[in-house]
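Trainee: Got a structure for you, questions after.
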Amino acid sequence: MDQPLQRFCLSSSYLCDPVNVKAWLVAATQHRVEHLDFDYTLDCIFDLPTAVLTCKTLVVFKLSNVHLSSLKSCSVDLRPLKILHLNSVTFSEDRDLAELLSGSPNLEDLEVSDLYFESYVVGTKFTRLAKLVRAHIFTPEFPLEVVNNVQFLRINWMDHQCLIPEFRNLTHLKFGSYIKGLLVLDLIKHCPKLQILVIYKCSFGPTPRKIPLQMLCCSSLCDLLNVNAWVTPATQCRIEQLNLSLSYKIGFRFAVLICKTLVVSKLIH
């Protein structure tokens with residue numbers, strides 16, 4: 001038997017005929033492709049071939065800059081899929097995303113960035129990904145209950161309407177410095193096993209200040225996280241239970257606050 005096609009990368013342009021693009025994708029599945037990168041920059045709705053959505057050998061699927069047609073006419077079956085990255089993808093309906101995720105029950109790594117939905121269907125239900133280990137959520141309106149089994153979570157978007165599930169396995173959390181502090185504390189409360197917390201500087205977030213190289217008390221931590229304006233007595237008590245120290249090495253851009261259960265990183269100019 002011929003060896004499977006390990007990786008197929010297809011980046012389209014205005015010169016690509018959509019019919020040829022579909023033919024190339026189908027050919028890749030016929031050659032038992034394992035890793036598929038598809039970047040479709042044409043300004044039109046694309047009908048993803050059923051052969052891709054039911055590929056029995058696909059382990060890694062990265063989809064970028066695609067406006068997908070509705071998926072309700074086909075049944076997604078991507079049980080071998082371990083890694084799924086969606087970047088700047090537009091779905092006809094929110095249930096199309098739900099269908100794509102439910103048809104990928106063995107996902108271990110999920111990254112979603114700048115997703116868009118043309119319409120929302122009342123009663124759309126998302127399936128929890130029980131085997132998911134890592135998730136990067138860079139888009140609004142993504143249901144966090146889908147990824148509540150992860151050990152590693154990076155998130156750069158939350159709002160007050162976001163429903164936060166219990167993250168019972170989460171040990172490593174990263175989020176942007178511009179997420180509102182109350183939401184951060186609420187998220188942390190739902191992570192009983194959290195060990196590492198990283199706050200990264202966003203290009204449009206507040207400018208971080210330099211941190212003195214010394215032991216930090218809990219009030220300094222409040223200043224660092226910019227929570228003095230909104231911290232409550234209960235949450236401050238939680239912070240005061242941590243013994244923190246600061247370590248910094250010349251040449252590194254991060255100052256790291258270290259304690260037994262928490263690590264907070266902050267960019268330094």
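By order in the structure tokens, chains are A, B, ...; within a chain, residues start at 1; ligands start at 1, following the order shown.
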Based on DSSP run over this structure's backbone, return all residues of segment 23-140 of chain A in helix (DSSP H, G or I), as a list of chain:residue names.
Mentor: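 The helix (DSSP H, G or I) subset of segment 23-140 of chain A is A:Ala23, A:Trp24, A:Leu25, A:Val26, A:Ala27, A:Ala28, A:Thr29, A:Gln30, A:Thr50, A:Ala51, A:Val52, A:Leu53, A:Asp94, A:Arg95, A:Asp96, A:Leu97, A:Ala98, A:Glu99, A:Leu100, A:Leu101, A:Ser102.
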Trainee: Restricting the output to all heavy atoms, write the selected residues as a short mmCIF file (atom, residue, chain, number, x, y, z; two decimals), in the first residue's frame.
Mentor:
data_model
loop_
_atom_site.label_atom_id
_atom_site.label_comp_id
_atom_site.auth_asym_id
_atom_site.auth_seq_id
_atom_site.Cartn_x
_atom_site.Cartn_y
_atom_site.Cartn_z
N ALA A 23 -10.96 20.12 -6.21
CA ALA A 23 -10.35 18.90 -6.77
C ALA A 23 -9.05 18.57 -6.08
O ALA A 23 -8.76 17.39 -5.79
CB ALA A 23 -10.13 19.08 -8.27
N TRP A 24 -8.25 19.59 -5.76
CA TRP A 24 -6.98 19.37 -5.07
C TRP A 24 -7.22 18.84 -3.65
O TRP A 24 -6.51 17.95 -3.18
CB TRP A 24 -6.16 20.66 -5.03
CG TRP A 24 -5.69 21.11 -6.38
CD1 TRP A 24 -5.40 20.33 -7.46
CD2 TRP A 24 -5.48 22.47 -6.79
NE1 TRP A 24 -5.00 21.10 -8.52
CE2 TRP A 24 -5.04 22.41 -8.16
CE3 TRP A 24 -5.60 23.71 -6.17
CZ2 TRP A 24 -4.73 23.56 -8.87
CZ3 TRP A 24 -5.30 24.86 -6.90
CH2 TRP A 24 -4.87 24.78 -8.22
N LEU A 25 -8.22 19.38 -2.97
CA LEU A 25 -8.53 18.94 -1.62
C LEU A 25 -9.02 17.49 -1.62
O LEU A 25 -8.61 16.68 -0.76
CB LEU A 25 -9.58 19.85 -0.98
CG LEU A 25 -9.13 21.27 -0.66
CD1 LEU A 25 -10.31 22.11 -0.17
CD2 LEU A 25 -8.03 21.27 0.39
N VAL A 26 -9.87 17.16 -2.56
CA VAL A 26 -10.36 15.79 -2.66
C VAL A 26 -9.21 14.83 -2.97
O VAL A 26 -9.12 13.73 -2.40
CB VAL A 26 -11.46 15.68 -3.74
CG1 VAL A 26 -11.83 14.22 -3.99
CG2 VAL A 26 -12.70 16.46 -3.31
N ALA A 27 -8.32 15.25 -3.86
CA ALA A 27 -7.17 14.42 -4.20
C ALA A 27 -6.30 14.16 -2.98
O ALA A 27 -5.77 13.06 -2.80
CB ALA A 27 -6.36 15.08 -5.31
N ALA A 28 -6.15 15.19 -2.13
CA ALA A 28 -5.35 15.02 -0.91
C ALA A 28 -5.97 13.97 0.01
O ALA A 28 -5.27 13.14 0.58
CB ALA A 28 -5.22 16.36 -0.19
N THR A 29 -7.30 13.98 0.12
CA THR A 29 -7.96 12.99 0.98
C THR A 29 -7.84 11.59 0.39
O THR A 29 -7.72 10.60 1.12
CB THR A 29 -9.44 13.34 1.19
OG1 THR A 29 -10.13 13.31 -0.08
CG2 THR A 29 -9.58 14.71 1.81
N GLN A 30 -7.87 11.51 -0.94
CA GLN A 30 -7.72 10.20 -1.59
C GLN A 30 -6.33 9.62 -1.37
O GLN A 30 -6.16 8.40 -1.41
CB GLN A 30 -8.02 10.34 -3.08
CG GLN A 30 -9.47 10.64 -3.39
CD GLN A 30 -9.70 10.96 -4.85
OE1 GLN A 30 -8.77 11.25 -5.61
NE2 GLN A 30 -10.97 10.90 -5.28
N THR A 50 -17.12 17.19 1.07
CA THR A 50 -17.48 16.19 2.07
C THR A 50 -16.30 15.26 2.35
O THR A 50 -16.13 14.78 3.47
CB THR A 50 -18.69 15.37 1.59
OG1 THR A 50 -19.80 16.25 1.36
CG2 THR A 50 -19.09 14.33 2.61
N ALA A 51 -15.48 15.02 1.34
CA ALA A 51 -14.32 14.14 1.51
C ALA A 51 -13.38 14.66 2.58
O ALA A 51 -12.73 13.87 3.29
CB ALA A 51 -13.59 14.00 0.18
N VAL A 52 -13.29 15.99 2.75
CA VAL A 52 -12.45 16.57 3.78
C VAL A 52 -13.12 16.40 5.15
O VAL A 52 -12.47 16.06 6.14
CB VAL A 52 -12.17 18.05 3.50
CG1 VAL A 52 -11.43 18.71 4.67
CG2 VAL A 52 -11.37 18.21 2.22
N LEU A 53 -14.42 16.65 5.22
CA LEU A 53 -15.15 16.60 6.48
C LEU A 53 -15.37 15.19 7.00
O LEU A 53 -15.83 15.01 8.13
CB LEU A 53 -16.50 17.30 6.32
CG LEU A 53 -16.42 18.80 6.00
CD1 LEU A 53 -17.79 19.35 5.64
CD2 LEU A 53 -15.82 19.56 7.16
N ASP A 94 -24.06 29.46 13.52
CA ASP A 94 -23.27 29.01 14.66
C ASP A 94 -23.32 27.50 14.82
O ASP A 94 -22.37 26.89 15.31
CB ASP A 94 -23.71 29.71 15.95
CG ASP A 94 -25.17 29.47 16.29
OD1 ASP A 94 -25.96 29.08 15.40
OD2 ASP A 94 -25.55 29.68 17.46
N ARG A 95 -24.40 26.89 14.38
CA ARG A 95 -24.49 25.43 14.53
C ARG A 95 -23.54 24.70 13.57
O ARG A 95 -23.28 23.51 13.75
CB ARG A 95 -25.92 24.95 14.33
CG ARG A 95 -26.49 25.14 12.95
CD ARG A 95 -27.93 24.64 12.91
NE ARG A 95 -28.57 24.89 11.63
CZ ARG A 95 -29.88 24.67 11.40
NH1 ARG A 95 -30.63 24.19 12.37
NH2 ARG A 95 -30.39 24.93 10.22
N ASP A 96 -23.03 25.39 12.55
CA ASP A 96 -22.02 24.78 11.69
C ASP A 96 -20.74 24.53 12.48
O ASP A 96 -20.08 23.50 12.32
CB ASP A 96 -21.73 25.68 10.49
CG ASP A 96 -22.89 25.75 9.51
OD1 ASP A 96 -23.67 24.78 9.46
OD2 ASP A 96 -23.02 26.77 8.82
N LEU A 97 -20.37 25.49 13.33
CA LEU A 97 -19.21 25.28 14.20
C LEU A 97 -19.50 24.17 15.19
O LEU A 97 -18.63 23.32 15.46
CB LEU A 97 -18.87 26.58 14.94
CG LEU A 97 -17.76 26.46 16.00
CD1 LEU A 97 -16.44 26.02 15.37
CD2 LEU A 97 -17.58 27.79 16.74
N ALA A 98 -20.71 24.16 15.74
CA ALA A 98 -21.08 23.09 16.67
C ALA A 98 -20.98 21.73 16.01
O ALA A 98 -20.52 20.75 16.61
CB ALA A 98 -22.49 23.33 17.20
N GLU A 99 -21.40 21.64 14.74
CA GLU A 99 -21.33 20.39 13.99
C GLU A 99 -19.88 19.98 13.75
O GLU A 99 -19.52 18.79 13.88
CB GLU A 99 -22.05 20.55 12.66
CG GLU A 99 -21.99 19.35 11.73
CD GLU A 99 -22.81 18.17 12.21
OE1 GLU A 99 -23.68 18.37 13.08
OE2 GLU A 99 -22.58 17.04 11.72
N LEU A 100 -19.04 20.93 13.42
CA LEU A 100 -17.63 20.64 13.17
C LEU A 100 -16.94 20.12 14.43
O LEU A 100 -16.16 19.15 14.38
CB LEU A 100 -16.92 21.89 12.66
CG LEU A 100 -15.43 21.77 12.35
CD1 LEU A 100 -15.16 20.70 11.29
CD2 LEU A 100 -14.87 23.11 11.89
N LEU A 101 -17.24 20.73 15.57
CA LEU A 101 -16.61 20.31 16.82
C LEU A 101 -17.15 18.97 17.31
O LEU A 101 -16.40 18.11 17.77
CB LEU A 101 -16.82 21.38 17.89
CG LEU A 101 -16.14 22.73 17.63
CD1 LEU A 101 -16.48 23.73 18.73
CD2 LEU A 101 -14.63 22.57 17.51
N SER A 102 -18.46 18.77 17.19
CA SER A 102 -19.03 17.50 17.65
C SER A 102 -18.58 16.34 16.79
O SER A 102 -18.51 15.20 17.25
CB SER A 102 -20.56 17.58 17.65
OG SER A 102 -21.06 17.74 16.33
#
Trainee: Neighbouring residues of segment 129-145 of chain A were defined as those with any atom within 7 Å, considering only C-alpha atoms; residues of the same chain fewer than 2 positions away were excluded. Please report them as a list in words.
Mentor: Pro105, Asn106, Leu107, Glu108, Asp109, Leu110, Glu111, Val112, Ser113, Asp114, Leu115, Thr127, Val147, Asn148, Asn149, Val150, Gln151, Phe152, Leu153, Arg154, Ile155, Asn156, Trp157, Met158, Ile164 and Pro165 of chain A
Trainee: Find the distance between atom CA of Ser69 of chain A and atom CA of Glu93 of chain A and write it in Å to one decimal.
Mentor: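 Going from atom CA of Ser69 of chain A over to atom CA of Glu93 of chain A, I get 9.0 Å.
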Trainee: So which residues touch Ser64 of chain A within 7 Å, counting only C-alpha atoms, skipping near sequence neighbours fewer than 2 positions away, as a PyMOL selection string?
Mentor: chain A and resi 38-40+62+66+86-89
Trainee: Go ahead and save the picked residues with N, CA, C and O atoms, as a tab-separated table (two decimals), in the first residue's frame.
Mentor:
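Just written: out.tsv:
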chain	number	residue	atom	x	y	z
A	38	PHE	N	-5.17	24.80	4.89
A	38	PHE	CA	-5.93	25.38	3.79
A	38	PHE	C	-6.20	26.85	4.09
A	38	PHE	O	-6.89	27.19	5.05
A	39	ASP	N	-5.65	27.72	3.25
A	39	ASP	CA	-5.82	29.17	3.37
A	39	ASP	C	-6.49	29.66	2.10
A	39	ASP	O	-5.89	29.65	1.03
A	40	TYR	N	-7.74	30.10	2.23
A	40	TYR	CA	-8.54	30.43	1.05
A	40	TYR	C	-8.90	31.91	1.10
A	40	TYR	O	-9.78	32.33	1.86
A	62	LYS	N	-5.84	22.77	9.64
A	62	LYS	CA	-5.70	24.20	9.89
A	62	LYS	C	-6.39	24.94	8.75
A	62	LYS	O	-6.01	24.83	7.59
A	66	VAL	N	-11.43	31.64	5.41
A	66	VAL	CA	-12.42	30.93	4.60
A	66	VAL	C	-13.83	31.35	5.01
A	66	VAL	O	-14.14	31.44	6.19
A	86	LEU	N	-8.65	27.17	13.63
A	86	LEU	CA	-9.55	27.95	12.78
A	86	LEU	C	-9.19	29.42	12.93
A	86	LEU	O	-9.31	29.98	14.02
A	87	ASN	N	-8.76	30.04	11.84
A	87	ASN	CA	-8.33	31.43	11.88
A	87	ASN	C	-9.07	32.25	10.82
A	87	ASN	O	-8.99	31.95	9.63
A	88	SER	N	-9.81	33.25	11.27
A	88	SER	CA	-10.57	34.12	10.35
A	88	SER	C	-11.50	33.29	9.47
A	88	SER	O	-11.46	33.36	8.24
A	89	VAL	N	-12.32	32.48	10.11
A	89	VAL	CA	-13.28	31.63	9.40
A	89	VAL	C	-14.69	32.17	9.64
A	89	VAL	O	-15.06	32.47	10.78
Trainee: Given the choices A:Asn65, A:Ser104, A:Thr171, A:Ser119, which gets closest to Pro80 of chain A if the distance is worked out from only C-alpha atoms?
Mentor: A:Ser104
Trainee: Determine which residues of segment 112-152 of chain A receive a DSSP assignment of strand (DSSP E or B), computed from the backbone, and state them as a PyMOL selection string.
Mentor: chain A and resi 112-113+116-119+134-138+152
Trainee: For Leu84 of chain A, which of A:Leu36, A:Gln3, A:Pro18, A:Leu42 is the closest residue, counting only C-alpha atoms?
Mentor: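 Result for the nearest residue to Leu84 of chain A: A:Leu36.
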Trainee: One decimal, Å: what's the distance from atom CA of Cys55 of chain A over to atom CA of Cys9 of chain A, could you say?
Mentor: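 Computing it gives 15.8 Å between the two atoms.
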